[in-house]
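Chemist: Pasting a structure below so you can have a look.
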Amino acid sequence: MLDRRRADEARGGTTYVEALHDALWEEMETDDRVFVLGEDVGVYGGAFKVTDGMIERFGPDRVIDTPISEDAIVGAAIGAAIAGLRPVAEMQFADFISCAFDQITNFAAKSRYRTGVGIPIVVRGPSGGGVHGGPFHSQNPEAYFAHTPGLKVVQPATAYDAKGLLKSAIRDEDPVIFFEHKFLYRRIREELPREEYTVPIGKARVARDGRDLSIVTYGAMVWEALDAAALLESEGIDCEVVDLRTLLPLDDETIFASVGRTGKALIVHEDTKTGGVGAEVSARITEHCFDSLDGPVLRVAAPDTPVPYAPPMEAFFLPNAEKIARAARALAGY
């Protein structure tokens, strides 16, 4: 572990996927109640290697390979949590979290309200497109869960946040749905602090200051929004980029403060448009910032279709910096 980390640092930092690995590893080192379970998380080290090497260090009682049953994985995690453990359940692809929908939304999310017993589980879901995974390996199911009281829903965009938010999620007393974007796993790399740190759930960040309009986004779209902002800067349009980081609960204070400064809001997400998280953010901005708005609240999102498999069609489907810049120009000129 340490030797590998030194090698990573020599290459220029820690990747998003390594940050997730490190968060899990450190939490398992410091709290023997923490364990991971899922398909191929043990001997294989996980489909994306987030749990690589953990079964050798922590053993098969704390790194548990399961049958292909997301319902059983989450159900077992809930039972273990009630018994006092801290399970981290991996969905091999976030798309299949739908198989565990009942366990998550009807039991884990409502347990504290119904019985007073919190369910401290983390359900990790590798989500998102751009890797040509087709309609069952590329979806963004966060809106289903952001609609469910009792859950927390997180989606980091940076390696720093991936590590800090996952540690916070594991320590949380209630269920956290932790979406990780597959496209970012090995494309994002940054130097991380050597000292212990966490990132609080429920707190957004301003990823780029600006004066002309606010781009509110999360996940992989943070990087597309930053690229769009850099392009627009050369055209005299100064965009602020807000990275939500947590989708439930939303950080209204940071969103409203940004829109209050710029007077215009463009919401961007990779998920399909209708009923997406952007619709909720748009409604809140309209309700609470109407007097500050100097234009309509716009959204850039994927069209309401399944994720295409063919690379050219997937590229057409996904939002990108060009599409964001086009919408931002229209909003800035309103």
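Please note that chains go A, B, ... in the order of the structure tokens, that every chain numbers its residues from 1, and that ligands are numbered from 1 in the order shown.
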Among region 246-292 of chain A, which ones does DSSP assign to alpha helix (DSSP H) (computed from the backbone)? Answer as a ChimeraX atom specification.
Modeler: /A:252-262,277-288
Chemist: Quick one: residues within 12 Å of region 273-290 of chain A, only C-alpha atoms, excluding same-chain residues fewer than 3 positions away - as a PyMOL selection string?
Modeler: chain A and resi 140-147+153+155+214-218+242+244+246-270+293-306+317-319
Chemist: Report, in Å to a single decimal, how far apart CA of Pro156 (chain A) and CA of Asp212 (chain A) are.
Modeler: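 Interatomic distance, CA of Asp212 (chain A) to CA of Pro156 (chain A): 25.3 Å.
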Chemist: Using only C-alpha atoms, which residue out of A:Ile237, A:Val34, A:Ile170, A:Ile82 lies closest to Ile64 (chain A)?
Modeler: A:Val34
Chemist: Counting only C-alpha atoms, which of A:Asp71, A:Glu235, A:Asp32, A:Glu18 gets nearest to Gly333 (chain A)?
Modeler: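 Nearest to Gly333 (chain A): A:Glu235.
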